[in-house]
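Have a look at coords21.txt below; it lists compact mmCIF, C-alpha atoms and all ligand atoms.
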# COMPACT_ATOMS: atom_id res chain seq x y z
CA MET A 1 -89.11 -13.14 -74.27
CA SER A 2 -91.64 -15.88 -74.92
CA ILE A 3 -91.97 -18.53 -72.23
CA ASP A 4 -92.58 -21.23 -74.86
CA TYR A 5 -88.84 -21.84 -75.03
CA LYS A 6 -86.85 -23.90 -72.58
CA PRO A 7 -84.04 -21.73 -71.20
CA ALA A 8 -80.47 -22.95 -71.71
CA VAL A 9 -79.30 -20.11 -69.45
CA HIS A 10 -81.57 -18.15 -67.14
CA PHE A 11 -80.72 -14.95 -65.24
CA ASN A 12 -82.80 -14.11 -62.18
CA HIS A 13 -82.06 -10.57 -60.96
CA VAL A 14 -78.35 -11.02 -61.56
CA SER A 15 -76.05 -8.12 -60.68
CA TYR A 16 -72.31 -7.88 -61.02
CA THR A 17 -70.31 -5.25 -59.19
CA ILE A 18 -66.62 -4.39 -59.10
CA GLY A 19 -65.96 -2.18 -56.06
CA GLU A 20 -68.45 0.69 -56.32
CA ASN A 21 -68.96 0.09 -60.01
CA GLN A 22 -72.17 -1.75 -60.90
CA ILE A 23 -71.38 -3.42 -64.22
CA LEU A 24 -74.63 -5.42 -64.50
CA ARG A 25 -77.87 -4.29 -62.85
CA SER A 26 -80.46 -6.86 -61.91
CA ILE A 27 -80.57 -8.76 -65.18
CA THR A 28 -83.54 -11.08 -65.64
CA GLY A 29 -84.07 -13.13 -68.78
CA SER A 30 -83.35 -16.34 -70.65
CA PHE A 31 -81.34 -17.60 -73.58
CA PRO A 32 -83.55 -20.20 -75.27
CA GLU A 33 -82.20 -23.70 -75.83
CA GLY A 34 -81.11 -24.60 -79.34
CA ARG A 35 -81.44 -21.05 -80.68
CA ILE A 36 -79.02 -18.32 -81.70
CA THR A 37 -79.40 -15.22 -79.52
CA THR A 38 -77.31 -12.14 -80.27
CA LEU A 39 -76.22 -9.58 -77.70
CA VAL A 40 -75.91 -6.04 -78.99
CA GLY A 41 -75.29 -2.70 -77.33
CA PRO A 42 -72.76 0.10 -77.10
CA SER A 43 -69.21 -0.43 -75.92
CA GLY A 44 -69.10 -0.80 -72.14
CA ALA A 45 -72.74 -1.98 -71.88
CA GLY A 46 -71.67 -5.13 -70.03
CA LYS A 47 -72.01 -7.72 -72.82
CA THR A 48 -68.68 -9.46 -72.25
CA THR A 49 -69.24 -9.45 -68.50
CA LEU A 50 -72.61 -11.13 -69.00
CA LEU A 51 -71.04 -13.76 -71.28
CA LYS A 52 -68.31 -14.53 -68.74
CA LEU A 53 -70.98 -15.16 -66.10
CA CYS A 54 -72.50 -17.86 -68.32
CA ASN A 55 -69.46 -20.14 -68.13
CA GLY A 56 -68.35 -19.33 -64.61
CA LEU A 57 -65.36 -17.15 -65.55
CA LEU A 58 -67.12 -14.58 -63.31
CA SER A 59 -69.70 -15.14 -60.57
CA PRO A 60 -72.78 -12.98 -59.89
CA THR A 61 -72.51 -10.54 -56.98
CA MET A 62 -76.28 -10.90 -56.50
CA GLY A 63 -79.08 -13.01 -57.97
CA GLU A 64 -79.24 -16.51 -59.37
CA LEU A 65 -77.94 -17.89 -62.60
CA TYR A 66 -79.18 -21.21 -63.97
CA VAL A 67 -77.56 -23.33 -66.69
CA GLN A 68 -79.86 -26.00 -68.11
CA GLY A 69 -82.17 -25.54 -65.15
CA GLN A 70 -79.45 -26.05 -62.58
CA LEU A 71 -77.85 -23.36 -60.39
CA ILE A 72 -74.47 -22.53 -61.93
CA GLU A 73 -72.71 -22.95 -58.57
CA SER A 74 -73.82 -26.55 -58.40
CA TYR A 75 -71.66 -27.57 -61.38
CA GLU A 76 -68.13 -28.86 -61.07
CA PRO A 77 -65.91 -26.28 -62.86
CA THR A 78 -64.67 -28.89 -65.37
CA GLU A 79 -68.23 -30.04 -66.08
CA LEU A 80 -69.31 -26.44 -66.68
CA ARG A 81 -66.40 -25.81 -69.06
CA ARG A 82 -67.40 -28.90 -71.04
CA LEU A 83 -71.05 -27.83 -71.17
CA VAL A 84 -70.39 -24.18 -72.08
CA GLY A 85 -67.72 -23.36 -74.69
CA ILE A 86 -66.38 -19.89 -75.41
CA ALA A 87 -64.65 -18.36 -78.45
CA LEU A 88 -63.15 -14.87 -78.40
CA GLN A 89 -62.25 -12.27 -80.99
CA SER A 90 -58.55 -12.67 -80.25
CA ALA A 91 -58.72 -16.50 -80.66
CA PRO A 92 -55.81 -17.11 -78.27
CA MET A 93 -53.64 -20.04 -79.42
CA ILE A 94 -50.56 -21.85 -78.25
CA SER A 95 -47.63 -21.91 -80.69
CA GLY A 96 -47.27 -25.18 -82.60
CA THR A 97 -49.63 -26.89 -85.00
CA VAL A 98 -53.37 -26.84 -85.49
CA TYR A 99 -53.42 -30.36 -84.03
CA ASP A 100 -51.62 -29.15 -80.86
CA ASN A 101 -54.30 -26.50 -80.39
CA LEU A 102 -57.24 -28.78 -81.06
CA ALA A 103 -55.84 -31.38 -78.67
CA LEU A 104 -55.32 -28.82 -75.88
CA PRO A 105 -58.72 -29.16 -74.16
CA MET A 106 -58.21 -32.94 -73.99
CA VAL A 107 -54.56 -32.70 -72.93
CA LEU A 108 -55.66 -30.43 -70.08
CA GLN A 109 -58.06 -33.17 -68.98
CA SER A 110 -55.28 -35.80 -69.36
CA LYS A 111 -57.25 -37.42 -72.17
CA LYS A 112 -56.15 -38.71 -75.56
CA PHE A 113 -57.04 -36.88 -78.76
CA SER A 114 -56.69 -38.78 -82.03
CA LYS A 115 -55.66 -37.36 -85.39
CA GLU A 116 -58.93 -38.69 -86.77
CA ALA A 117 -60.88 -36.67 -84.17
CA GLY A 118 -58.87 -33.64 -85.27
CA ARG A 119 -59.67 -34.24 -88.94
CA ARG A 120 -63.38 -34.62 -88.09
CA LEU A 121 -63.38 -31.26 -86.31
CA LEU A 122 -61.64 -29.59 -89.23
CA ARG A 123 -64.30 -30.96 -91.56
CA ASP A 124 -66.96 -29.51 -89.23
CA VAL A 125 -65.49 -26.03 -89.60
CA GLY A 126 -64.83 -26.31 -93.33
CA LEU A 127 -61.03 -26.67 -93.22
CA GLU A 128 -59.20 -29.33 -95.21
CA GLU A 129 -57.62 -32.24 -93.34
CA GLU A 130 -54.11 -31.18 -94.28
CA PHE A 131 -54.53 -28.16 -91.97
CA LEU A 132 -53.98 -30.47 -89.00
CA GLN A 133 -50.19 -30.25 -89.38
CA ARG A 134 -50.07 -26.56 -90.30
CA LYS A 135 -48.33 -24.13 -87.97
CA ILE A 136 -50.80 -21.81 -86.21
CA ASN A 137 -48.69 -18.78 -87.09
CA ASP A 138 -49.08 -19.50 -90.82
CA LEU A 139 -52.90 -19.25 -90.76
CA SER A 140 -54.99 -16.31 -91.93
CA GLY A 141 -57.28 -14.55 -89.44
CA GLY A 142 -60.34 -16.41 -90.76
CA GLN A 143 -58.63 -19.81 -90.66
CA ARG A 144 -57.40 -19.10 -87.14
CA GLN A 145 -60.92 -18.24 -86.02
CA LYS A 146 -62.19 -21.50 -87.55
CA VAL A 147 -59.59 -23.44 -85.56
CA SER A 148 -60.65 -21.54 -82.45
CA ILE A 149 -64.27 -22.58 -83.05
CA ALA A 150 -63.21 -26.18 -83.80
CA ARG A 151 -61.37 -26.21 -80.46
CA THR A 152 -64.50 -25.20 -78.58
CA LEU A 153 -66.29 -28.14 -80.27
CA VAL A 154 -63.83 -30.70 -78.87
CA ASN A 155 -65.90 -30.91 -75.69
CA GLN A 156 -69.18 -31.00 -77.65
CA PRO A 157 -70.63 -28.08 -75.68
CA ASN A 158 -74.40 -27.66 -75.42
CA ILE A 159 -73.95 -23.91 -75.19
CA LEU A 160 -71.48 -21.85 -77.20
CA LEU A 161 -70.54 -18.29 -76.22
CA LEU A 162 -69.09 -16.09 -78.98
CA ASP A 163 -67.52 -12.70 -78.31
CA GLU A 164 -67.03 -10.55 -81.42
CA ILE A 165 -65.56 -13.47 -83.36
CA THR A 166 -65.94 -11.85 -86.78
CA SER A 167 -65.13 -8.20 -86.07
CA SER A 168 -61.50 -8.36 -87.21
CA LEU A 169 -62.24 -10.42 -90.35
CA ASP A 170 -62.82 -9.39 -93.95
CA ARG A 171 -66.33 -9.70 -95.39
CA THR A 172 -65.74 -13.12 -97.01
CA SER A 173 -64.30 -14.72 -93.86
CA GLN A 174 -67.05 -13.09 -91.82
CA LYS A 175 -69.71 -14.72 -94.01
CA GLU A 176 -67.96 -18.10 -93.79
CA ILE A 177 -67.88 -17.95 -89.98
CA GLU A 178 -71.55 -16.90 -89.87
CA GLU A 179 -72.51 -19.88 -92.05
CA LEU A 180 -70.36 -22.15 -89.92
CA ILE A 181 -72.05 -21.10 -86.68
CA VAL A 182 -75.51 -21.52 -88.20
CA ALA A 183 -74.48 -25.01 -89.43
CA ILE A 184 -73.21 -25.98 -85.94
CA ASN A 185 -76.45 -24.71 -84.41
CA ARG A 186 -78.51 -26.79 -86.86
CA LYS A 187 -76.38 -29.94 -86.78
CA TYR A 188 -75.89 -30.24 -83.02
CA GLY A 189 -78.75 -28.10 -81.69
CA THR A 190 -76.12 -26.01 -79.88
CA THR A 191 -77.44 -22.96 -78.06
CA ILE A 192 -75.49 -19.95 -79.32
CA ILE A 193 -75.05 -16.66 -77.43
CA TRP A 194 -73.26 -14.25 -79.73
CA ILE A 195 -71.99 -10.75 -78.99
CA THR A 196 -71.72 -8.66 -82.12
CA HIS A 197 -71.31 -4.99 -83.02
CA ASN A 198 -72.71 -5.76 -86.45
CA LEU A 199 -76.46 -5.12 -86.26
CA GLN A 200 -77.06 -6.53 -89.75
CA GLN A 201 -75.39 -9.75 -88.60
CA ALA A 202 -77.54 -9.78 -85.44
CA LEU A 203 -80.67 -9.38 -87.55
CA GLU A 204 -79.75 -12.05 -90.11
CA ILE A 205 -78.22 -14.70 -87.86
CA GLY A 206 -79.95 -14.23 -84.54
CA TYR A 207 -83.32 -15.73 -83.79
CA PHE A 208 -83.48 -13.63 -80.63
CA THR A 209 -81.69 -10.46 -79.61
CA TRP A 210 -80.87 -8.79 -76.31
CA VAL A 211 -80.15 -5.06 -76.50
CA MET A 212 -77.96 -3.96 -73.59
CA MET A 213 -77.04 -0.49 -72.32
CA ASP A 214 -75.37 0.70 -69.11
CA GLY A 215 -75.47 -2.73 -67.48
CA GLU A 216 -79.14 -3.30 -68.25
CA VAL A 217 -81.13 -5.23 -70.81
CA VAL A 218 -83.29 -2.56 -72.44
CA GLU A 219 -85.12 -4.79 -74.91
CA THR A 220 -85.33 -8.48 -75.84
CA GLY A 221 -87.29 -10.47 -78.37
CA ARG A 222 -87.18 -11.85 -81.90
CA SER A 223 -84.36 -10.24 -83.86
CA GLU A 224 -86.83 -8.29 -86.01
CA LEU A 225 -87.02 -5.89 -83.06
CA LEU A 226 -83.81 -4.41 -84.45
CA LYS A 227 -85.87 -3.06 -87.37
CA SER A 228 -88.52 -1.50 -85.15
CA PRO A 229 -87.52 -1.32 -81.50
CA ALA A 230 -90.23 -0.63 -78.93
CA THR A 231 -88.12 1.35 -76.45
CA ASP A 232 -86.51 4.78 -76.90
CA LYS A 233 -83.20 3.51 -75.55
CA ALA A 234 -82.95 0.67 -78.07
CA ARG A 235 -84.19 2.96 -80.86
CA ASN A 236 -81.49 5.54 -80.15
CA PHE A 237 -78.77 2.89 -80.06
CA ILE A 238 -79.93 1.25 -83.30
CA LYS A 239 -80.25 4.61 -85.10
CA GLY A 240 -76.51 5.00 -84.56
CA GLY A 241 -75.84 1.57 -86.09
CA ALA A 242 -78.49 1.72 -88.86
CA VAL A 243 -79.85 -1.77 -89.62
N1 LIG B 301 -62.00 -6.05 -64.46
C1 LIG B 301 -62.65 -4.89 -64.54
N2 LIG B 301 -62.37 -3.88 -63.69
C2 LIG B 301 -63.04 -2.71 -63.75
N3 LIG B 301 -64.00 -2.44 -64.64
C3 LIG B 301 -64.31 -3.39 -65.53
C4 LIG B 301 -63.65 -4.66 -65.53
N4 LIG B 301 -64.19 -5.43 -66.51
C5 LIG B 301 -65.12 -4.64 -67.12
N5 LIG B 301 -65.19 -3.43 -66.52
C6 LIG B 301 -66.09 -2.34 -66.90
O1 LIG B 301 -67.38 -2.88 -67.01
C7 LIG B 301 -68.11 -2.25 -68.07
C8 LIG B 301 -68.65 -3.32 -69.01
O2 LIG B 301 -67.58 -3.96 -69.67
P1 LIG B 301 -67.83 -5.10 -70.75
O3 LIG B 301 -66.50 -5.49 -71.32
O4 LIG B 301 -68.65 -6.16 -70.16
O5 LIG B 301 -68.67 -4.30 -71.83
P2 LIG B 301 -69.00 -4.68 -73.34
O6 LIG B 301 -70.43 -4.32 -73.56
O7 LIG B 301 -68.60 -6.07 -73.62
O8 LIG B 301 -68.07 -3.67 -74.14
P3 LIG B 301 -67.31 -3.88 -75.57
O9 LIG B 301 -68.40 -3.91 -76.58
O10 LIG B 301 -66.48 -2.65 -75.68
O11 LIG B 301 -66.52 -5.14 -75.49
C9 LIG B 301 -67.14 -1.28 -68.74
O12 LIG B 301 -67.41 0.02 -68.24
C10 LIG B 301 -65.79 -1.76 -68.28
O13 LIG B 301 -64.88 -0.69 -68.19
As a first step, turn the structure in this file into structure tokens.
Ligand SMILES: Nc1ncnc2c1ncn2[C@@H]1O[C@H](COP(=O)(O)OP(=O)(O)OP(=O)(O)O)[C@@H](O)[C@H]1O
Amino acid sequence: MSIDYKPAVHFNHVSYTIGENQILRSITGSFPEGRITTLVGPSGAGKTTLLKLCNGLLSPTMGELYVQGQLIESYEPTELRRLVGIALQSAPMISGTVYDNLALPMVLQSKKFSKEAGRRLLRDVGLEEEFLQRKINDLSGGQRQKVSIARTLVNQPNILLLDEITSSLDRTSQKEIEELIVAINRKYGTTIIWITHNLQQALEIGYFTWVMMDGEVVETGRSELLKSPATDKARNFIKGGAV
């Protein structure tokens, strides 16, 4: 990947092992600041594991990992959570209202969260203000995912990690979420690292792409590589997914 870009996250020979099982093998590379990078690869390639390393949910077994130029171990856990947000496919929520869920990150830090702040976040994700008092269980999958994204924005993260956030949504909701993420990236300059199984989405939304297989990064570069990969491994994977 080009060295013209400042890395938001940098991996230097990072490995991750569980027992005898090497999940990630000496990963080296960067996620450029202020850009959308997509992570693609077959199931079990290690994409989610790599994402969890970026916000300290997991720690490397070997190698160094830098977030905004600083070794990840040097951050206070709460500081790191504020800096790096994560949204998951399952969008886990507490029961109660949308407001209760949006306020959660602040409540956990013993901070106040105003209704106005809640309404502002809803506007950011394209939901009407009246959603603030809605019960979480009454929301559609797409609306729920928007609330999940809004909740990650409470801490105004510089880096946002997304794990398959559109895979269970219909085409319309999927498009809405894609547009929303692009808008967040543009408005706040948020660095986005996005795992997706949808190669068309990776091509359209991602500025950069990492192709992963068997715990390794087999190819990285501008997302156009998905149309004409340079390596056999990436080519074989993409053939199966047909961009
Ligand atoms: N806690 C764990 N214990 C044992 N093996 C694990 C654990 N977590 C992940 N693995 C293994 O590590 C490998 C990579 O998993 P990971 O979830 O990172 O892959 P992935 O590329 O995100 O896959 P998917 O696209 O299916 O989500 C898999 O073989 C998985 O079985």
Extract, using only C-alpha atoms, all DNA, RNA and protein residues at most 12 Å from Glu178 (chain A), discarding same-chain residues fewer than 2 positions from it, and format them as a count of residues only. 34
Which residues of chain A have any atom within 12 Å of an atom in ligand LIG 301 (chain B) when counting only C-alpha atoms and all ligand atoms, and what is the closest pair of atoms for each, with the distance in Å to one decimal? Order the rows by chain and rising number and write it as CSV.
residue,atom,partner,partner_atom,distance
A:Ser15,CA,B:LIG301,O1,11.9
A:Tyr16,CA,B:LIG301,O1,9.2
A:Thr17,CA,B:LIG301,O1,8.7
A:Ile18,CA,B:LIG301,C2,6.1
A:Gly19,CA,B:LIG301,C2,8.2
A:Glu20,CA,B:LIG301,C2,9.8
A:Asn21,CA,B:LIG301,N3,7.2
A:Gln22,CA,B:LIG301,O1,7.8
A:Ile23,CA,B:LIG301,O1,4.9
A:Leu24,CA,B:LIG301,C8,7.8
A:Arg25,CA,B:LIG301,C8,11.1
A:Leu39,CA,B:LIG301,O6,8.9
A:Val40,CA,B:LIG301,O6,7.9
A:Gly41,CA,B:LIG301,O6,6.4
A:Pro42,CA,B:LIG301,O9,5.9
A:Ser43,CA,B:LIG301,O10,3.5
A:Gly44,CA,B:LIG301,O5,3.5
A:Ala45,CA,B:LIG301,O6,3.7
A:Gly46,CA,B:LIG301,O4,3.2
A:Lys47,CA,B:LIG301,O6,3.8
A:Thr48,CA,B:LIG301,O7,3.7
A:Thr49,CA,B:LIG301,O4,3.7
A:Leu50,CA,B:LIG301,O4,6.5
A:Leu51,CA,B:LIG301,O4,8.0
A:Lys52,CA,B:LIG301,O4,8.5
A:Leu53,CA,B:LIG301,O4,10.1
A:Leu57,CA,B:LIG301,N1,11.6
A:Leu58,CA,B:LIG301,N1,10.0
A:Leu88,CA,B:LIG301,O11,10.7
A:Gln89,CA,B:LIG301,O11,10.0
A:Ser90,CA,B:LIG301,O11,12.0
A:Leu162,CA,B:LIG301,O7,11.4
A:Asp163,CA,B:LIG301,O11,8.1
A:Glu164,CA,B:LIG301,O11,8.0
A:Ile165,CA,B:LIG301,O11,11.5
A:Ser167,CA,B:LIG301,O9,10.9
A:Trp194,CA,B:LIG301,O7,11.2
A:Ile195,CA,B:LIG301,O7,7.9
A:Thr196,CA,B:LIG301,O9,8.0
A:His197,CA,B:LIG301,O9,7.1
A:Asn198,CA,B:LIG301,O9,10.9
A:Trp210,CA,B:LIG301,O6,11.7
A:Val211,CA,B:LIG301,O6,10.2
A:Met212,CA,B:LIG301,O6,7.5
A:Met213,CA,B:LIG301,O6,7.7
A:Asp214,CA,B:LIG301,C8,7.8
A:Gly215,CA,B:LIG301,C8,7.0
A:Glu216,CA,B:LIG301,O6,10.3
A:Val217,CA,B:LIG301,O6,11.1
Residue among A:Ala8, A:Leu139, A:Leu161, A:Val218 lying closest to Leu71 (chain A), counting all atoms listed in the file: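 Nearest candidate to Leu71 (chain A) out of A:Ala8, A:Leu139, A:Leu161, A:Val218: A:Ala8.
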Which is closest to Glu130 (chain A) among A:Ala91, A:Val98, A:Leu65, A:Ala234, if we use all atoms listed in the file?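 Distance minimum relative to Glu130 (chain A) lands on A:Val98.
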For Ala150 (chain A), the nearest of the candidates A:Asp138, A:Ala103, A:Lys111, A:Glu116, counting all atoms listed in the file: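 Distance minimum relative to Ala150 (chain A) lands on A:Ala103.
You can rank A:Leu121, A:Leu80, A:Val9, A:Val147 by their closest distance to Gln68 (chain A) using only C-alpha atoms, and at the top of that list sits A:Val9.
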Do you have the CA of Pro77 (chain A)-CA of Arg35 (chain A) distance handy?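 Taking CA of Pro77 (chain A) and CA of Arg35 (chain A), their separation equals 24.2 Å.
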Just give me the residues with any atom within 12 Å of (-51.0, -22.1, -86.7), file coordinates, counting only C-alpha atoms, written as a PyMOL selection string. chain A and resi 91-102+131-148
Pairwise distance, CA of Phe11 (chain A) with CA of Gly29 (chain A), equals 5.2 Å
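Among the candidates A:Tyr5, A:Ile86, A:Gly34, A:Gln109, the one nearest to Tyr188 (chain A) when counting all atoms listed in the file is A:Gly34.
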